[in-house]
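> Once you've had a glance at the structure underneath, I'll fire off some questions.
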Amino acid sequence: MTTSRRTPIERIGTTVLRELVEQIVTGVHSPESTMPTEAALSEEFGVSRTVIRESMKRLQEKGMVTVAQGRGTSVNPRTSWNMLDPLVIDALVANDENLTVLDELSIVRAALEAEMAGSASQRADEEGLERLRAALQEMADHIDDQTAFREADVRFHHVVMSLSGNTLAENIARVLIGHAVGSSRFTGHDPAHSFELTLAEHGRITEAIAASDAKESRSAMSEHILGSWGRRRNPAGD
């Protein structure tokens, strides 16, 4: 009985929090501005002040606002936000009209995964290389199936991350990949023969790791991620 009464309230709170994150990301409440009062937000969303108060606490945990007793709640600059928070990164990507966020995401992801590929080239044993080759083959097997190919592509990157042994970098990169691939802005434009190019790039990564060539592994991974994003970002080449 207790759970059934609480669940709708939790869902309402989640909805309010998501909308507040969206408002801050889109500039409805701009950095350095003061958020509306609890009473005003309670009326706007049609919820209790308790829900608003809890939402403000959650926003503060995400680094988006600072709650100061007696001085109200101020919106923090983007540099203070937790960009890896699911609600924050989803809102940023969803409202990335100029693709600036996805550009930055791709640069960070390329840097992280390049280092992991370099580490993988020094750590991978035969069992690990077999996993990597199997992941590459799975991509080849699904090259005519857009959804299955992309899923296999992500699994390949996960294998490289695992072989690197860098769990912190892997955790961050998985978050970046997970939220990027869920965005139509990130995956919506595939120029002709892009999957063939992607497969060839993954083959180069595999060969470099198998050859224990850290420099080439890093280069192959970075060039693949940035090149692949460049093709999707501007498929017409203009």
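Note on naming: chains are A, B, ... as they come in the structure tokens, residues start from 1 per chain, ligands start from 1 in the order shown.
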When you look at A:Ser30 with a cut-off of 12 Å (counting only C-alpha atoms), what residues show up, excluding the ones that are within fewer than 2 positions of it in the same chain? I need them as a list in words.

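The contact residues come out as Leu20, Val21, Glu22, Gln23, Ile24, Val25, Thr26, Gly27, Val28, Glu32, Ser33, Thr34, Met35, Pro36, Met64, Val65, Ser74, Val75, Asn76, Pro77 and Arg78 of chain A.
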
> Could you dump the residues just selected with N, CA and C atoms as a PDB file, in the first residue's frame?


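The file below, again_12.pdb, is the result:
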ATOM      1  N   LEU A  20      12.538  20.994 -15.345  1.00  0.00           N
ATOM      2  CA  LEU A  20      13.397  22.060 -14.825  1.00  0.00           C
ATOM      3  C   LEU A  20      14.798  21.987 -15.438  1.00  0.00           C
ATOM      4  N   VAL A  21      15.321  20.773 -15.583  1.00  0.00           N
ATOM      5  CA  VAL A  21      16.614  20.608 -16.245  1.00  0.00           C
ATOM      6  C   VAL A  21      16.536  21.142 -17.671  1.00  0.00           C
ATOM      7  N   GLU A  22      15.461  20.810 -18.363  1.00  0.00           N
ATOM      8  CA  GLU A  22      15.258  21.277 -19.741  1.00  0.00           C
ATOM      9  C   GLU A  22      15.209  22.803 -19.791  1.00  0.00           C
ATOM     10  N   GLN A  23      14.508  23.404 -18.849  1.00  0.00           N
ATOM     11  CA  GLN A  23      14.391  24.865 -18.827  1.00  0.00           C
ATOM     12  C   GLN A  23      15.748  25.531 -18.611  1.00  0.00           C
ATOM     13  N   ILE A  24      16.563  24.943 -17.757  1.00  0.00           N
ATOM     14  CA  ILE A  24      17.880  25.527 -17.501  1.00  0.00           C
ATOM     15  C   ILE A  24      18.787  25.337 -18.719  1.00  0.00           C
ATOM     16  N   VAL A  25      18.761  24.154 -19.301  1.00  0.00           N
ATOM     17  CA  VAL A  25      19.589  23.876 -20.477  1.00  0.00           C
ATOM     18  C   VAL A  25      19.232  24.793 -21.639  1.00  0.00           C
ATOM     19  N   THR A  26      17.941  25.046 -21.826  1.00  0.00           N
ATOM     20  CA  THR A  26      17.501  25.861 -22.965  1.00  0.00           C
ATOM     21  C   THR A  26      17.528  27.354 -22.675  1.00  0.00           C
ATOM     22  N   GLY A  27      17.906  27.747 -21.453  1.00  0.00           N
ATOM     23  CA  GLY A  27      18.059  29.159 -21.147  1.00  0.00           C
ATOM     24  C   GLY A  27      16.815  29.857 -20.652  1.00  0.00           C
ATOM     25  N   VAL A  28      15.751  29.084 -20.416  1.00  0.00           N
ATOM     26  CA  VAL A  28      14.568  29.699 -19.801  1.00  0.00           C
ATOM     27  C   VAL A  28      14.976  30.311 -18.469  1.00  0.00           C
ATOM     28  N   GLU A  32      23.411  32.483 -13.664  1.00  0.00           N
ATOM     29  CA  GLU A  32      23.493  33.655 -12.778  1.00  0.00           C
ATOM     30  C   GLU A  32      22.129  34.260 -12.450  1.00  0.00           C
ATOM     31  N   SER A  33      21.058  33.755 -13.078  1.00  0.00           N
ATOM     32  CA  SER A  33      19.724  34.262 -12.747  1.00  0.00           C
ATOM     33  C   SER A  33      19.203  33.557 -11.504  1.00  0.00           C
ATOM     34  N   THR A  34      18.157  34.107 -10.935  1.00  0.00           N
ATOM     35  CA  THR A  34      17.533  33.505  -9.751  1.00  0.00           C
ATOM     36  C   THR A  34      16.286  32.750 -10.176  1.00  0.00           C
ATOM     37  N   MET A  35      16.175  31.523  -9.710  1.00  0.00           N
ATOM     38  CA  MET A  35      15.001  30.706 -10.033  1.00  0.00           C
ATOM     39  C   MET A  35      13.757  31.309  -9.400  1.00  0.00           C
ATOM     40  N   PRO A  36      12.583  31.073 -10.001  1.00  0.00           N
ATOM     41  CA  PRO A  36      11.337  31.512  -9.373  1.00  0.00           C
ATOM     42  C   PRO A  36      11.198  30.900  -7.984  1.00  0.00           C
ATOM     43  N   MET A  64      23.595  22.240 -11.065  1.00  0.00           N
ATOM     44  CA  MET A  64      22.912  23.201 -11.933  1.00  0.00           C
ATOM     45  C   MET A  64      22.458  24.449 -11.192  1.00  0.00           C
ATOM     46  N   VAL A  65      22.227  24.343  -9.887  1.00  0.00           N
ATOM     47  CA  VAL A  65      21.795  25.499  -9.109  1.00  0.00           C
ATOM     48  C   VAL A  65      22.505  25.510  -7.763  1.00  0.00           C
ATOM     49  N   SER A  74      19.963  30.220  -7.195  1.00  0.00           N
ATOM     50  CA  SER A  74      20.557  30.805  -8.390  1.00  0.00           C
ATOM     51  C   SER A  74      21.017  29.700  -9.342  1.00  0.00           C
ATOM     52  N   VAL A  75      20.974  30.002 -10.630  1.00  0.00           N
ATOM     53  CA  VAL A  75      21.386  29.046 -11.659  1.00  0.00           C
ATOM     54  C   VAL A  75      22.898  29.155 -11.857  1.00  0.00           C
ATOM     55  N   ASN A  76      23.562  28.020 -11.841  1.00  0.00           N
ATOM     56  CA  ASN A  76      25.020  27.989 -12.001  1.00  0.00           C
ATOM     57  C   ASN A  76      25.415  28.000 -13.479  1.00  0.00           C
ATOM     58  N   PRO A  77      26.626  28.454 -13.789  1.00  0.00           N
ATOM     59  CA  PRO A  77      27.119  28.376 -15.170  1.00  0.00           C
ATOM     60  C   PRO A  77      27.321  26.927 -15.589  1.00  0.00           C
ATOM     61  N   ARG A  78      27.356  26.692 -16.884  1.00  0.00           N
ATOM     62  CA  ARG A  78      27.484  25.323 -17.399  1.00  0.00           C
ATOM     63  C   ARG A  78      28.721  24.607 -16.881  1.00  0.00           C
TER      64      ARG A  78
END

> Just list as a ChimeraX atom specification whatever in chain A DSSP marks as alpha helix (DSSP H).

/A:2-25,38-45,49-61,86-94,100-123,126-141,146-164,167-181,184-187,194-210,214-233

> Could you name the residues that touch stretch 106-123 of chain A at 10 Å or less, counting only C-alpha atoms, but leaving out those on the same chain fewer than 4 positions away, as an MDAnalysis selection string?

chainID A and resid 100:102 128:129 157:167 169:170 172:177 180 186 205:230

> Kindly save the residues from that selection, with N, CA and C atoms included, as a compact mmCIF listing (two decimals), in the first residue's frame.


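Okay, result-v7.txt is ready:
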# COMPACT_ATOMS: atom_id res chain seq x y z
N THR A 100 27.06 21.63 -31.30
CA THR A 100 28.26 21.96 -30.53
C THR A 100 28.53 20.93 -29.44
N VAL A 101 27.49 20.50 -28.75
CA VAL A 101 27.66 19.52 -27.67
C VAL A 101 28.16 18.20 -28.24
N LEU A 102 27.59 17.76 -29.36
CA LEU A 102 28.02 16.51 -29.96
C LEU A 102 29.43 16.61 -30.52
N GLY A 128 41.61 -12.17 -25.39
CA GLY A 128 41.09 -10.84 -25.62
C GLY A 128 41.05 -10.49 -27.09
N LEU A 129 42.11 -10.86 -27.82
CA LEU A 129 42.14 -10.60 -29.26
C LEU A 129 41.07 -11.38 -29.99
N HIS A 157 33.45 -1.42 -29.44
CA HIS A 157 34.10 -0.40 -28.61
C HIS A 157 34.13 -0.84 -27.14
N HIS A 158 33.10 -1.51 -26.69
CA HIS A 158 33.08 -1.99 -25.31
C HIS A 158 34.18 -3.03 -25.08
N VAL A 159 34.44 -3.87 -26.09
CA VAL A 159 35.51 -4.86 -25.95
C VAL A 159 36.86 -4.16 -25.82
N VAL A 160 37.11 -3.14 -26.65
CA VAL A 160 38.37 -2.40 -26.55
C VAL A 160 38.50 -1.78 -25.17
N MET A 161 37.43 -1.19 -24.68
CA MET A 161 37.46 -0.58 -23.34
C MET A 161 37.81 -1.61 -22.29
N SER A 162 37.17 -2.77 -22.38
CA SER A 162 37.42 -3.83 -21.41
C SER A 162 38.87 -4.29 -21.45
N LEU A 163 39.43 -4.41 -22.65
CA LEU A 163 40.81 -4.86 -22.79
C LEU A 163 41.81 -3.84 -22.26
N SER A 164 41.39 -2.57 -22.20
CA SER A 164 42.30 -1.52 -21.72
C SER A 164 42.60 -1.64 -20.24
N GLY A 165 41.64 -2.16 -19.48
CA GLY A 165 41.80 -2.27 -18.03
C GLY A 165 41.59 -0.96 -17.30
N ASN A 166 41.22 0.11 -18.02
CA ASN A 166 41.01 1.42 -17.40
C ASN A 166 39.53 1.59 -17.10
N THR A 167 39.12 1.20 -15.90
CA THR A 167 37.70 1.18 -15.58
C THR A 167 37.09 2.57 -15.47
N ALA A 169 38.02 5.36 -17.23
CA ALA A 169 37.83 5.84 -18.59
C ALA A 169 36.69 5.08 -19.27
N GLU A 170 36.61 3.79 -19.00
CA GLU A 170 35.54 2.97 -19.59
C GLU A 170 34.17 3.46 -19.12
N ILE A 172 33.28 6.46 -18.09
CA ILE A 172 32.95 7.74 -18.70
C ILE A 172 32.60 7.56 -20.18
N ALA A 173 33.39 6.78 -20.90
CA ALA A 173 33.16 6.58 -22.32
C ALA A 173 31.84 5.87 -22.57
N ARG A 174 31.49 4.92 -21.71
CA ARG A 174 30.20 4.22 -21.88
C ARG A 174 29.03 5.19 -21.74
N VAL A 175 29.15 6.11 -20.81
CA VAL A 175 28.09 7.12 -20.64
C VAL A 175 27.98 7.97 -21.90
N LEU A 176 29.12 8.41 -22.41
CA LEU A 176 29.12 9.25 -23.60
C LEU A 176 28.52 8.52 -24.80
N ILE A 177 28.93 7.27 -25.00
CA ILE A 177 28.39 6.48 -26.11
C ILE A 177 26.91 6.24 -25.92
N ALA A 180 24.91 9.36 -26.63
CA ALA A 180 25.07 9.85 -28.01
C ALA A 180 24.28 8.99 -28.99
N PHE A 186 22.85 12.40 -33.60
CA PHE A 186 24.14 11.74 -33.66
C PHE A 186 24.18 10.63 -34.71
N ILE A 205 41.88 -0.69 -36.39
CA ILE A 205 42.04 -0.68 -34.93
C ILE A 205 42.41 -2.08 -34.44
N THR A 206 41.70 -3.08 -34.95
CA THR A 206 41.95 -4.46 -34.54
C THR A 206 43.37 -4.88 -34.88
N GLU A 207 43.82 -4.58 -36.09
CA GLU A 207 45.17 -4.95 -36.51
C GLU A 207 46.23 -4.27 -35.65
N ALA A 208 46.01 -3.01 -35.32
CA ALA A 208 46.98 -2.28 -34.52
C ALA A 208 47.08 -2.85 -33.11
N ILE A 209 45.94 -3.17 -32.52
CA ILE A 209 45.94 -3.75 -31.17
C ILE A 209 46.60 -5.12 -31.20
N ALA A 210 46.28 -5.92 -32.23
CA ALA A 210 46.87 -7.26 -32.34
C ALA A 210 48.38 -7.19 -32.53
N ALA A 211 48.86 -6.12 -33.16
CA ALA A 211 50.29 -5.95 -33.39
C ALA A 211 51.00 -5.31 -32.20
N SER A 212 50.25 -5.03 -31.14
CA SER A 212 50.80 -4.38 -29.93
C SER A 212 51.41 -3.02 -30.24
N ASP A 213 50.83 -2.34 -31.22
CA ASP A 213 51.32 -1.03 -31.64
C ASP A 213 50.46 0.05 -30.97
N ALA A 214 50.93 0.56 -29.87
CA ALA A 214 50.14 1.52 -29.08
C ALA A 214 49.89 2.81 -29.85
N LYS A 215 50.94 3.32 -30.52
CA LYS A 215 50.79 4.57 -31.26
C LYS A 215 49.76 4.45 -32.37
N GLU A 216 49.85 3.38 -33.15
CA GLU A 216 48.89 3.18 -34.24
C GLU A 216 47.49 2.90 -33.70
N SER A 217 47.39 2.21 -32.58
CA SER A 217 46.08 1.93 -31.97
C SER A 217 45.39 3.22 -31.56
N ARG A 218 46.15 4.11 -30.93
CA ARG A 218 45.59 5.39 -30.53
C ARG A 218 45.16 6.20 -31.75
N SER A 219 46.04 6.25 -32.74
CA SER A 219 45.75 7.02 -33.95
C SER A 219 44.54 6.47 -34.69
N ALA A 220 44.47 5.16 -34.82
CA ALA A 220 43.36 4.53 -35.55
C ALA A 220 42.03 4.79 -34.86
N MET A 221 42.03 4.70 -33.54
CA MET A 221 40.77 4.91 -32.81
C MET A 221 40.33 6.36 -32.87
N SER A 222 41.25 7.28 -32.65
CA SER A 222 40.91 8.70 -32.68
C SER A 222 40.40 9.11 -34.07
N GLU A 223 41.12 8.70 -35.10
CA GLU A 223 40.72 9.07 -36.45
C GLU A 223 39.38 8.46 -36.83
N HIS A 224 39.13 7.25 -36.34
CA HIS A 224 37.82 6.63 -36.62
C HIS A 224 36.69 7.41 -35.98
N ILE A 225 36.80 7.70 -34.70
CA ILE A 225 35.71 8.37 -33.99
C ILE A 225 35.44 9.75 -34.57
N LEU A 226 36.50 10.52 -34.77
CA LEU A 226 36.32 11.88 -35.31
C LEU A 226 35.88 11.84 -36.77
N GLY A 227 36.43 10.91 -37.53
CA GLY A 227 36.05 10.81 -38.94
C GLY A 227 34.62 10.34 -39.12
N SER A 228 34.23 9.37 -38.31
CA SER A 228 32.87 8.83 -38.39
C SER A 228 31.85 9.91 -38.04
N TRP A 229 32.14 10.67 -36.98
CA TRP A 229 31.24 11.76 -36.61
C TRP A 229 31.20 12.82 -37.70
N GLY A 230 32.33 13.12 -38.28
CA GLY A 230 32.37 14.11 -39.35
C GLY A 230 31.52 13.69 -40.54

> Identify which of the residues A:Asn171, A:Asn234, A:Ser80, A:Thr187 lies closest to A:Glu151, counting only C-alpha atoms when measuring atom-to-atom distances.

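Answer, going by the shortest atom-to-atom distance: A:Thr187.
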
> Where does DSSP see strand (DSSP E) in stretch 72-234 of chain A, if you list the residues as number ranges by chain?

A: 72-75

> Kindly give the distance, in Å, that separates atom CA of A:Leu199 and atom CA of A:Thr147, rounded to a single decimal.

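About the pair atom CA of A:Leu199 and atom CA of A:Thr147: they are 14.5 Å apart.
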
> Just the residues within 9 Å of A:Met56, please, counting only C-alpha atoms, with nothing from its chain fewer than 3 positions along; format it as a PyMOL selection string.

chain A and resi 17+20+51-53+59-61+65-67+73

> Would you mind exporting the chosen residues as a PDB file, in the first residue's frame, restricted to C-alpha atoms?


ATOM      1  CA  LEU A  17      12.854  17.623 -12.375  1.00  0.00           C
ATOM      2  CA  LEU A  20      13.397  22.060 -14.825  1.00  0.00           C
ATOM      3  CA  VAL A  51       7.993  18.325  -4.743  1.00  0.00           C
ATOM      4  CA  ILE A  52       9.580  21.626  -5.830  1.00  0.00           C
ATOM      5  CA  ARG A  53      11.888  21.658  -2.823  1.00  0.00           C
ATOM      6  CA  LEU A  59      19.259  20.170  -9.292  1.00  0.00           C
ATOM      7  CA  GLN A  60      21.831  21.259  -6.742  1.00  0.00           C
ATOM      8  CA  GLU A  61      23.264  17.720  -6.680  1.00  0.00           C
ATOM      9  CA  VAL A  65      21.795  25.499  -9.109  1.00  0.00           C
ATOM     10  CA  THR A  66      22.938  26.786  -5.749  1.00  0.00           C
ATOM     11  CA  VAL A  67      20.344  26.951  -3.000  1.00  0.00           C
ATOM     12  CA  THR A  73      18.132  29.635  -5.715  1.00  0.00           C
TER      13      THR A  73
END

> Just how far from atom CA of A:Arg58 is atom CA of A:Val93, in Å to one decimal?

20.0 Å
